[in-house]
>>> print(open('final_27.cif').read())   # mmCIF, N, CA and C atoms
data_model
loop_
_atom_site.label_atom_id
_atom_site.label_comp_id
_atom_site.auth_asym_id
_atom_site.auth_seq_id
_atom_site.Cartn_x
_atom_site.Cartn_y
_atom_site.Cartn_z
N MET A 15 16.96 1.08 38.35
CA MET A 15 16.53 0.73 37.01
C MET A 15 15.00 0.64 36.94
N LYS A 16 14.41 0.02 37.97
CA LYS A 16 12.95 -0.11 37.99
C LYS A 16 12.27 1.26 38.03
N LYS A 17 12.85 2.18 38.82
CA LYS A 17 12.29 3.53 38.91
C LYS A 17 12.37 4.25 37.57
N THR A 18 13.47 4.06 36.84
CA THR A 18 13.63 4.70 35.53
C THR A 18 12.59 4.19 34.55
N ILE A 19 12.38 2.88 34.52
CA ILE A 19 11.38 2.29 33.62
C ILE A 19 9.99 2.77 33.98
N LEU A 20 9.69 2.82 35.27
CA LEU A 20 8.38 3.29 35.72
C LEU A 20 8.16 4.74 35.32
N MET A 21 9.17 5.59 35.49
CA MET A 21 9.04 7.00 35.10
C MET A 21 8.84 7.15 33.60
N LEU A 22 9.53 6.33 32.80
CA LEU A 22 9.34 6.37 31.35
C LEU A 22 7.92 5.97 30.96
N LEU A 23 7.39 4.95 31.61
CA LEU A 23 6.01 4.52 31.32
C LEU A 23 5.00 5.60 31.70
N ILE A 24 5.17 6.20 32.86
CA ILE A 24 4.25 7.26 33.30
C ILE A 24 4.34 8.46 32.37
N THR A 25 5.56 8.88 32.06
CA THR A 25 5.75 10.03 31.16
C THR A 25 5.20 9.74 29.78
N GLY A 26 5.45 8.55 29.26
CA GLY A 26 4.94 8.17 27.93
C GLY A 26 3.42 8.16 27.90
N GLY A 27 2.79 7.68 28.96
CA GLY A 27 1.33 7.67 29.02
C GLY A 27 0.76 9.06 29.07
N MET A 28 1.44 9.98 29.76
CA MET A 28 0.96 11.34 29.86
C MET A 28 1.07 12.04 28.51
N TYR A 29 2.15 11.82 27.77
CA TYR A 29 2.33 12.49 26.50
C TYR A 29 1.58 11.81 25.36
N ALA A 30 0.99 10.66 25.61
CA ALA A 30 0.16 10.02 24.59
C ALA A 30 -1.15 10.78 24.43
N GLN A 31 -1.53 11.53 25.46
CA GLN A 31 -2.75 12.34 25.41
C GLN A 31 -2.39 13.73 24.91
N GLU A 32 -3.32 14.35 24.23
CA GLU A 32 -3.05 15.69 23.72
C GLU A 32 -3.15 16.74 24.83
N GLN A 33 -4.16 16.62 25.69
CA GLN A 33 -4.34 17.56 26.80
C GLN A 33 -4.83 16.81 28.02
N VAL A 34 -4.28 17.17 29.17
CA VAL A 34 -4.70 16.58 30.44
C VAL A 34 -5.09 17.73 31.35
N PHE A 35 -6.34 17.73 31.82
CA PHE A 35 -6.84 18.79 32.69
C PHE A 35 -6.96 18.27 34.11
N ASN A 36 -6.42 19.01 35.06
CA ASN A 36 -6.49 18.68 36.46
C ASN A 36 -7.71 19.40 37.06
N VAL A 37 -8.71 18.63 37.46
CA VAL A 37 -9.95 19.22 37.99
C VAL A 37 -9.72 19.66 39.43
N GLN A 38 -9.97 20.94 39.68
CA GLN A 38 -9.81 21.51 41.02
C GLN A 38 -11.10 21.38 41.84
N ARG A 39 -12.26 21.53 41.16
CA ARG A 39 -13.56 21.49 41.83
C ARG A 39 -14.62 21.07 40.83
N TYR A 40 -15.57 20.27 41.28
CA TYR A 40 -16.69 19.93 40.40
C TYR A 40 -18.01 20.30 41.07
N CYS A 41 -18.99 20.58 40.23
CA CYS A 41 -20.34 20.96 40.66
C CYS A 41 -21.31 20.18 39.77
N ILE A 42 -22.17 19.40 40.38
CA ILE A 42 -23.16 18.61 39.61
C ILE A 42 -24.54 19.18 39.88
N ASP A 43 -25.20 19.64 38.82
CA ASP A 43 -26.56 20.18 38.89
C ASP A 43 -27.48 19.12 38.30
N GLU A 44 -28.41 18.62 39.10
CA GLU A 44 -29.35 17.60 38.64
C GLU A 44 -30.70 18.22 38.33
N GLN A 45 -31.49 17.52 37.49
CA GLN A 45 -32.81 18.01 37.10
C GLN A 45 -33.67 18.19 38.33
N PRO A 46 -34.54 19.17 38.38
CA PRO A 46 -34.71 20.27 37.45
C PRO A 46 -33.53 21.24 37.58
N PHE A 47 -32.99 21.66 36.43
CA PHE A 47 -31.80 22.49 36.42
C PHE A 47 -32.08 23.89 36.94
N LYS A 48 -31.16 24.37 37.77
CA LYS A 48 -31.23 25.74 38.28
C LYS A 48 -29.87 26.35 38.02
N LYS A 49 -29.82 27.41 37.25
CA LYS A 49 -28.54 28.04 36.90
C LYS A 49 -27.77 28.41 38.17
N GLY A 50 -26.52 27.97 38.21
CA GLY A 50 -25.67 28.27 39.37
C GLY A 50 -25.90 27.35 40.55
N SER A 51 -26.76 26.35 40.39
CA SER A 51 -27.07 25.44 41.49
C SER A 51 -26.12 24.24 41.47
N CYS A 52 -25.74 23.77 42.65
CA CYS A 52 -24.93 22.56 42.78
C CYS A 52 -25.62 21.61 43.74
N ASP A 53 -26.09 20.48 43.22
CA ASP A 53 -26.67 19.46 44.09
C ASP A 53 -25.57 18.65 44.76
N ILE A 54 -24.45 18.47 44.05
CA ILE A 54 -23.30 17.73 44.58
C ILE A 54 -22.05 18.53 44.22
N THR A 55 -21.17 18.75 45.19
CA THR A 55 -19.91 19.44 44.91
C THR A 55 -18.76 18.66 45.54
N GLY A 56 -17.57 18.92 45.06
CA GLY A 56 -16.40 18.27 45.64
C GLY A 56 -15.13 18.72 44.98
N ASN A 57 -14.04 18.28 45.55
CA ASN A 57 -12.74 18.59 44.97
C ASN A 57 -11.84 17.37 45.00
N GLU A 58 -12.44 16.17 44.90
CA GLU A 58 -11.66 14.96 44.87
C GLU A 58 -10.76 14.93 43.63
N TYR A 59 -9.80 14.08 43.66
CA TYR A 59 -8.82 13.92 42.59
C TYR A 59 -9.52 13.50 41.30
N SER A 60 -9.63 14.40 40.33
CA SER A 60 -10.32 14.14 39.08
C SER A 60 -9.53 14.72 37.91
N PHE A 61 -9.68 14.09 36.73
CA PHE A 61 -8.98 14.52 35.53
C PHE A 61 -9.87 14.40 34.30
N VAL A 62 -9.56 15.20 33.28
CA VAL A 62 -10.16 15.07 31.96
C VAL A 62 -9.01 14.95 30.97
N PHE A 63 -9.02 13.88 30.18
CA PHE A 63 -8.04 13.65 29.13
C PHE A 63 -8.73 13.92 27.80
N LEU A 64 -8.22 14.88 27.04
CA LEU A 64 -8.79 15.25 25.75
C LEU A 64 -7.77 14.97 24.67
N ASP A 65 -8.11 14.09 23.73
CA ASP A 65 -7.23 13.77 22.61
C ASP A 65 -8.01 13.98 21.31
N THR A 66 -7.88 15.17 20.73
CA THR A 66 -8.62 15.50 19.51
C THR A 66 -8.09 14.75 18.30
N LYS A 67 -6.84 14.31 18.34
CA LYS A 67 -6.28 13.54 17.21
C LYS A 67 -6.90 12.15 17.13
N LYS A 68 -7.15 11.55 18.29
CA LYS A 68 -7.77 10.22 18.34
C LYS A 68 -9.28 10.30 18.56
N ASN A 69 -9.82 11.52 18.70
CA ASN A 69 -11.25 11.75 18.96
C ASN A 69 -11.73 11.06 20.23
N ASN A 70 -10.96 11.17 21.30
CA ASN A 70 -11.30 10.54 22.56
C ASN A 70 -11.34 11.55 23.70
N VAL A 71 -12.25 11.32 24.62
CA VAL A 71 -12.29 12.05 25.89
C VAL A 71 -12.47 11.01 26.98
N VAL A 72 -11.61 11.08 27.99
CA VAL A 72 -11.75 10.22 29.17
C VAL A 72 -11.88 11.14 30.36
N PHE A 73 -12.91 10.93 31.15
CA PHE A 73 -13.23 11.78 32.29
C PHE A 73 -13.22 10.92 33.55
N PHE A 74 -12.27 11.19 34.45
CA PHE A 74 -12.21 10.52 35.74
C PHE A 74 -12.84 11.46 36.75
N LEU A 75 -13.98 11.07 37.29
CA LEU A 75 -14.67 11.86 38.32
C LEU A 75 -14.76 11.00 39.56
N THR A 76 -14.01 11.35 40.58
CA THR A 76 -13.88 10.59 41.82
C THR A 76 -13.60 9.13 41.47
N GLU A 77 -14.53 8.23 41.65
CA GLU A 77 -14.28 6.81 41.41
C GLU A 77 -14.82 6.32 40.07
N MET A 78 -15.35 7.22 39.25
CA MET A 78 -15.91 6.83 37.95
C MET A 78 -14.92 7.13 36.83
N LYS A 79 -14.91 6.27 35.82
CA LYS A 79 -14.15 6.51 34.60
C LYS A 79 -15.14 6.49 33.44
N LEU A 80 -15.26 7.62 32.76
CA LEU A 80 -16.21 7.76 31.66
C LEU A 80 -15.44 7.98 30.37
N LYS A 81 -15.74 7.17 29.35
CA LYS A 81 -15.04 7.26 28.06
C LYS A 81 -16.02 7.70 26.98
N TYR A 82 -15.55 8.60 26.10
CA TYR A 82 -16.39 9.12 25.03
C TYR A 82 -15.62 9.22 23.73
N LYS A 83 -16.35 9.16 22.65
CA LYS A 83 -15.83 9.45 21.31
C LYS A 83 -16.30 10.85 20.94
N ILE A 84 -15.41 11.64 20.34
CA ILE A 84 -15.80 12.96 19.86
C ILE A 84 -16.45 12.79 18.49
N ILE A 85 -17.72 13.21 18.37
CA ILE A 85 -18.45 13.12 17.11
C ILE A 85 -18.17 14.36 16.26
N LYS A 86 -18.23 15.53 16.91
CA LYS A 86 -17.93 16.78 16.20
C LYS A 86 -17.54 17.85 17.21
N SER A 87 -16.90 18.90 16.70
CA SER A 87 -16.55 20.03 17.56
C SER A 87 -16.71 21.32 16.77
N ALA A 88 -17.01 22.38 17.49
CA ALA A 88 -17.20 23.69 16.86
C ALA A 88 -17.09 24.77 17.92
N VAL A 89 -16.84 25.99 17.48
CA VAL A 89 -16.86 27.12 18.40
C VAL A 89 -18.32 27.43 18.69
N PHE A 90 -18.64 27.63 19.96
CA PHE A 90 -20.00 27.87 20.40
C PHE A 90 -20.50 29.18 19.78
N SER A 91 -21.56 29.13 18.99
CA SER A 91 -22.02 30.30 18.24
C SER A 91 -22.50 31.45 19.13
N SER A 92 -23.22 31.15 20.21
CA SER A 92 -23.73 32.23 21.06
C SER A 92 -22.65 32.77 22.02
N ASP A 93 -21.58 32.02 22.23
CA ASP A 93 -20.47 32.49 23.05
C ASP A 93 -19.17 31.95 22.46
N PRO A 94 -18.49 32.75 21.60
CA PRO A 94 -17.28 32.27 20.94
C PRO A 94 -16.12 32.00 21.90
N ASN A 95 -16.32 32.24 23.19
CA ASN A 95 -15.30 31.93 24.19
C ASN A 95 -15.24 30.43 24.49
N TYR A 96 -16.22 29.66 23.99
CA TYR A 96 -16.29 28.23 24.27
C TYR A 96 -16.19 27.40 23.00
N THR A 97 -15.50 26.26 23.12
CA THR A 97 -15.51 25.24 22.08
C THR A 97 -16.45 24.14 22.56
N VAL A 98 -17.34 23.70 21.68
CA VAL A 98 -18.33 22.68 22.04
C VAL A 98 -17.98 21.38 21.33
N TYR A 99 -17.99 20.30 22.09
CA TYR A 99 -17.74 18.96 21.55
C TYR A 99 -19.00 18.13 21.74
N THR A 100 -19.44 17.46 20.70
CA THR A 100 -20.52 16.49 20.83
C THR A 100 -19.86 15.14 21.08
N LEU A 101 -20.21 14.53 22.21
CA LEU A 101 -19.59 13.27 22.62
C LEU A 101 -20.61 12.15 22.61
N GLU A 102 -20.10 10.94 22.46
CA GLU A 102 -20.97 9.76 22.45
C GLU A 102 -20.30 8.63 23.22
N SER A 103 -21.09 7.97 24.06
CA SER A 103 -20.64 6.76 24.74
C SER A 103 -21.54 5.62 24.28
N GLU A 104 -21.34 4.47 24.86
CA GLU A 104 -22.21 3.34 24.52
C GLU A 104 -23.66 3.60 24.94
N LYS A 105 -23.85 4.43 25.97
CA LYS A 105 -25.18 4.65 26.54
C LYS A 105 -25.87 5.92 26.10
N GLU A 106 -25.10 6.98 25.80
CA GLU A 106 -25.74 8.28 25.58
C GLU A 106 -24.89 9.22 24.74
N GLN A 107 -25.51 10.34 24.38
CA GLN A 107 -24.83 11.41 23.67
C GLN A 107 -24.95 12.67 24.52
N LEU A 108 -23.91 13.50 24.54
CA LEU A 108 -23.91 14.69 25.37
C LEU A 108 -23.02 15.74 24.75
N GLU A 109 -23.01 16.92 25.36
CA GLU A 109 -22.13 18.01 24.93
C GLU A 109 -21.10 18.27 26.01
N MET A 110 -19.89 18.61 25.57
CA MET A 110 -18.85 19.07 26.47
C MET A 110 -18.40 20.43 25.97
N ARG A 111 -18.28 21.39 26.87
CA ARG A 111 -17.83 22.74 26.51
C ARG A 111 -16.56 23.05 27.29
N ILE A 112 -15.61 23.68 26.59
CA ILE A 112 -14.36 24.11 27.22
C ILE A 112 -14.13 25.57 26.85
N ASN A 113 -13.86 26.41 27.86
CA ASN A 113 -13.59 27.81 27.53
C ASN A 113 -12.18 27.96 26.98
N LYS A 114 -11.92 29.07 26.29
CA LYS A 114 -10.63 29.30 25.63
C LYS A 114 -9.47 29.33 26.61
N GLN A 115 -9.72 29.76 27.83
CA GLN A 115 -8.67 29.81 28.84
C GLN A 115 -8.39 28.44 29.45
N SER A 116 -9.21 27.44 29.11
CA SER A 116 -9.09 26.08 29.64
C SER A 116 -9.18 26.06 31.16
N THR A 117 -10.06 26.89 31.72
CA THR A 117 -10.26 26.92 33.16
C THR A 117 -11.64 26.38 33.56
N LYS A 118 -12.53 26.21 32.57
CA LYS A 118 -13.87 25.70 32.84
C LYS A 118 -14.23 24.65 31.79
N ILE A 119 -14.74 23.53 32.27
CA ILE A 119 -15.24 22.47 31.39
C ILE A 119 -16.64 22.12 31.87
N GLU A 120 -17.56 21.95 30.93
CA GLU A 120 -18.93 21.57 31.25
C GLU A 120 -19.28 20.29 30.51
N PHE A 121 -19.84 19.32 31.22
CA PHE A 121 -20.40 18.11 30.62
C PHE A 121 -21.91 18.23 30.78
N LEU A 122 -22.62 18.34 29.66
CA LEU A 122 -24.06 18.55 29.69
C LEU A 122 -24.78 17.27 29.30
N TYR A 123 -25.14 16.48 30.32
CA TYR A 123 -25.88 15.23 30.15
C TYR A 123 -27.37 15.55 30.13
N PRO A 124 -28.20 14.62 29.63
CA PRO A 124 -29.65 14.86 29.65
C PRO A 124 -30.21 15.04 31.07
N ASN A 125 -29.68 14.29 32.05
CA ASN A 125 -30.24 14.33 33.41
C ASN A 125 -29.46 15.17 34.40
N ASN A 126 -28.23 15.53 34.05
CA ASN A 126 -27.45 16.40 34.94
C ASN A 126 -26.40 17.16 34.15
N HIS A 127 -25.91 18.21 34.74
CA HIS A 127 -24.85 19.02 34.15
C HIS A 127 -23.70 19.02 35.15
N ILE A 128 -22.50 18.76 34.66
CA ILE A 128 -21.32 18.75 35.51
C ILE A 128 -20.44 19.93 35.10
N TYR A 129 -20.17 20.80 36.04
CA TYR A 129 -19.34 21.97 35.81
C TYR A 129 -18.01 21.77 36.53
N LEU A 130 -16.92 21.90 35.80
CA LEU A 130 -15.59 21.67 36.36
C LEU A 130 -14.78 22.96 36.36
N THR A 131 -14.13 23.23 37.47
CA THR A 131 -13.13 24.28 37.52
C THR A 131 -11.80 23.56 37.40
N VAL A 132 -11.00 24.00 36.43
CA VAL A 132 -9.81 23.24 36.06
C VAL A 132 -8.56 24.05 36.35
N GLY A 133 -7.54 23.35 36.85
CA GLY A 133 -6.23 23.97 37.03
C GLY A 133 -5.48 23.95 35.71
N LYS A 134 -4.26 24.37 35.73
CA LYS A 134 -3.46 24.42 34.51
C LYS A 134 -3.33 23.04 33.89
N SER A 135 -3.50 22.97 32.58
CA SER A 135 -3.36 21.71 31.86
C SER A 135 -1.91 21.24 31.99
N THR A 136 -1.73 19.93 32.21
CA THR A 136 -0.39 19.40 32.33
C THR A 136 0.28 19.24 30.97
N LYS A 137 -0.50 19.28 29.91
CA LYS A 137 0.07 19.23 28.56
C LYS A 137 -0.84 20.06 27.66
N GLU A 138 -0.30 21.04 27.02
CA GLU A 138 -1.08 21.94 26.16
C GLU A 138 -1.13 21.42 24.73
N VAL A 139 -2.16 21.83 24.00
CA VAL A 139 -2.29 21.49 22.60
C VAL A 139 -1.21 22.24 21.83
N ASN A 140 -0.54 21.54 20.95
CA ASN A 140 0.52 22.18 20.14
C ASN A 140 -0.05 22.93 18.97
#
>>> encode(input="final_27.cif", output="structure tokens")
Amino acid sequence: MKKTILMLLITGGMYAQEQVFNVQRYCIDEQPFKKGSCDITGNEYSFVFLDTKKNNVVFFLTEMKLKYKIIKSAVFSSDPNYTVYTLESEKEQLEMRINKQSTKIEFLYPNNHIYLTVGKSTKEVN
């Protein structure tokens, strides 16, 4: 009985989010930015939860949990293969980009850029 209740809670929490991305690899480029450069890389257990209905993004990167509100979103004008989200936290504002294939996510902070290679989403947008 306990296992059934636990599975229901886990499943319910997963479906409460619109999309869950499983991060396969991350690359952090710190200032001064160099295209294709990675100052820090890894493949630790990381996730991005995107809920456009609630305007929330939660990013788990190794031991950090980062929460954001979606301010606006649009298709990237110079590259229509990407959707751009303007995000805001208590401390800062940044951009997040996701390609149409949902295989690449970029978090563009003022002091660093985080590039994520993403596995198949565990829940797709309907």
>>> resolve_selection(input="final_27.cif", expression="the PyMOL selection byres ((chain A and resi 36-51) around 5)", output="JSON, numbers by chain")
{"A": [34, 35, 52, 53, 54, 55, 56, 57, 60, 61, 125, 126, 127, 128, 129, 130, 131, 132, 133]}
>>> write_last_selection(input="final_27.cif", atoms="N, CA and C atoms", output="tab-separated table (two decimals), in the coordinates of the input")
chain	number	residue	atom	x	y	z
A	34	VAL	N	-4.28	17.17	29.17
A	34	VAL	CA	-4.70	16.58	30.44
A	34	VAL	C	-5.09	17.73	31.35
A	35	PHE	N	-6.34	17.73	31.82
A	35	PHE	CA	-6.84	18.79	32.69
A	35	PHE	C	-6.96	18.27	34.11
A	52	CYS	N	-25.74	23.77	42.65
A	52	CYS	CA	-24.93	22.56	42.78
A	52	CYS	C	-25.62	21.61	43.74
A	53	ASP	N	-26.09	20.48	43.22
A	53	ASP	CA	-26.67	19.46	44.09
A	53	ASP	C	-25.57	18.65	44.76
A	54	ILE	N	-24.45	18.47	44.05
A	54	ILE	CA	-23.30	17.73	44.58
A	54	ILE	C	-22.05	18.53	44.22
A	55	THR	N	-21.17	18.75	45.19
A	55	THR	CA	-19.91	19.44	44.91
A	55	THR	C	-18.76	18.66	45.54
A	56	GLY	N	-17.57	18.92	45.06
A	56	GLY	CA	-16.40	18.27	45.64
A	56	GLY	C	-15.13	18.72	44.98
A	57	ASN	N	-14.04	18.28	45.55
A	57	ASN	CA	-12.74	18.59	44.97
A	57	ASN	C	-11.84	17.37	45.00
A	60	SER	N	-9.63	14.40	40.33
A	60	SER	CA	-10.32	14.14	39.08
A	60	SER	C	-9.53	14.72	37.91
A	61	PHE	N	-9.68	14.09	36.73
A	61	PHE	CA	-8.98	14.52	35.53
A	61	PHE	C	-9.87	14.40	34.30
A	125	ASN	N	-29.68	14.29	32.05
A	125	ASN	CA	-30.24	14.33	33.41
A	125	ASN	C	-29.46	15.17	34.40
A	126	ASN	N	-28.23	15.53	34.05
A	126	ASN	CA	-27.45	16.40	34.94
A	126	ASN	C	-26.40	17.16	34.15
A	127	HIS	N	-25.91	18.21	34.74
A	127	HIS	CA	-24.85	19.02	34.15
A	127	HIS	C	-23.70	19.02	35.15
A	128	ILE	N	-22.50	18.76	34.66
A	128	ILE	CA	-21.32	18.75	35.51
A	128	ILE	C	-20.44	19.93	35.10
A	129	TYR	N	-20.17	20.80	36.04
A	129	TYR	CA	-19.34	21.97	35.81
A	129	TYR	C	-18.01	21.77	36.53
A	130	LEU	N	-16.92	21.90	35.80
A	130	LEU	CA	-15.59	21.67	36.36
A	130	LEU	C	-14.78	22.96	36.36
A	131	THR	N	-14.13	23.23	37.47
A	131	THR	CA	-13.13	24.28	37.52
A	131	THR	C	-11.80	23.56	37.40
A	132	VAL	N	-11.00	24.00	36.43
A	132	VAL	CA	-9.81	23.24	36.06
A	132	VAL	C	-8.56	24.05	36.35
A	133	GLY	N	-7.54	23.35	36.85
A	133	GLY	CA	-6.23	23.97	37.03
A	133	GLY	C	-5.48	23.95	35.71
>>> axis_aligned_box(input="final_27.cif", around="region 57-69 of chain A", padding_each_side="8 Å", output="JSON")
{"center_x": -10.2, "center_y": 14.4, "center_z": 31.3, "size_x": 23.8, "size_y": 24.4, "size_z": 44.4}
>>> resolve_selection(input="final_27.cif", expression="the PyMOL selection byres ((chain A and resi 96-110) around 6)", output="ChimeraX atom specification")
/A:81-90,93-95,111-114,120-123
>>> select_by_dssp(input="final_27.cif", residues="chain A", states="strand (DSSP E or B)", output="VMD selection string")
chain A and resid 33 to 44 54 to 56 60 to 65 70 to 75 78 to 89 96 to 102 107 to 113 118 to 122 126 to 132 137
>>> atom_distance(input="final_27.cif", atom1="CA of Lys67 (chain A)", atom2="atom N of Gln33 (chain A)")
9.3 Å
>>> atom_distance(input="final_27.cif", atom1="CA of Phe74 (chain A)", atom2="atom N of Glu58 (chain A)")
10.8 Å
>>> select_by_dssp(input="final_27.cif", residues="chain A", states="helix (DSSP H, G or I)", output="mmCIF file with N, CA and C atoms, keeping the file's coordinate frame")
data_model
loop_
_atom_site.group_PDB
_atom_site.id
_atom_site.type_symbol
_atom_site.label_atom_id
_atom_site.label_comp_id
_atom_site.auth_asym_id
_atom_site.auth_seq_id
_atom_site.Cartn_x
_atom_site.Cartn_y
_atom_site.Cartn_z
ATOM 1 N N LYS A 16 14.410 0.020 37.970
ATOM 2 C CA LYS A 16 12.950 -0.110 37.990
ATOM 3 C C LYS A 16 12.270 1.260 38.030
ATOM 4 N N LYS A 17 12.850 2.180 38.820
ATOM 5 C CA LYS A 17 12.290 3.530 38.910
ATOM 6 C C LYS A 17 12.370 4.250 37.570
ATOM 7 N N THR A 18 13.470 4.060 36.840
ATOM 8 C CA THR A 18 13.630 4.700 35.530
ATOM 9 C C THR A 18 12.590 4.190 34.550
ATOM 10 N N ILE A 19 12.380 2.880 34.520
ATOM 11 C CA ILE A 19 11.380 2.290 33.620
ATOM 12 C C ILE A 19 9.990 2.770 33.980
ATOM 13 N N LEU A 20 9.690 2.820 35.270
ATOM 14 C CA LEU A 20 8.380 3.290 35.720
ATOM 15 C C LEU A 20 8.160 4.740 35.320
ATOM 16 N N MET A 21 9.170 5.590 35.490
ATOM 17 C CA MET A 21 9.040 7.000 35.100
ATOM 18 C C MET A 21 8.840 7.150 33.600
ATOM 19 N N LEU A 22 9.530 6.330 32.800
ATOM 20 C CA LEU A 22 9.340 6.370 31.350
ATOM 21 C C LEU A 22 7.920 5.970 30.960
ATOM 22 N N LEU A 23 7.390 4.950 31.610
ATOM 23 C CA LEU A 23 6.010 4.520 31.320
ATOM 24 C C LEU A 23 5.000 5.600 31.700
ATOM 25 N N ILE A 24 5.170 6.200 32.860
ATOM 26 C CA ILE A 24 4.250 7.260 33.300
ATOM 27 C C ILE A 24 4.340 8.460 32.370
ATOM 28 N N THR A 25 5.560 8.880 32.060
ATOM 29 C CA THR A 25 5.750 10.030 31.160
ATOM 30 C C THR A 25 5.200 9.740 29.780
ATOM 31 N N GLY A 26 5.450 8.550 29.260
ATOM 32 C CA GLY A 26 4.940 8.170 27.930
ATOM 33 C C GLY A 26 3.420 8.160 27.900
ATOM 34 N N GLY A 27 2.790 7.680 28.960
ATOM 35 C CA GLY A 27 1.330 7.670 29.020
ATOM 36 C C GLY A 27 0.760 9.060 29.070
ATOM 37 N N MET A 28 1.440 9.980 29.760
ATOM 38 C CA MET A 28 0.960 11.340 29.860
ATOM 39 C C MET A 28 1.070 12.040 28.510
ATOM 40 N N TYR A 29 2.150 11.820 27.770
ATOM 41 C CA TYR A 29 2.330 12.490 26.500
ATOM 42 C C TYR A 29 1.580 11.810 25.360
#
>>> closest_residue(input="final_27.cif", among="A:Ser91, A:Glu32, A:Lys79, A:Gln115", to="Leu64 (chain A)", atoms="all atoms listed in the file")
A:Glu32
>>> atom_distance(input="final_27.cif", atom1="CA of Lys118 (chain A)", atom2="atom C of Val62 (chain A)")
11.9 Å
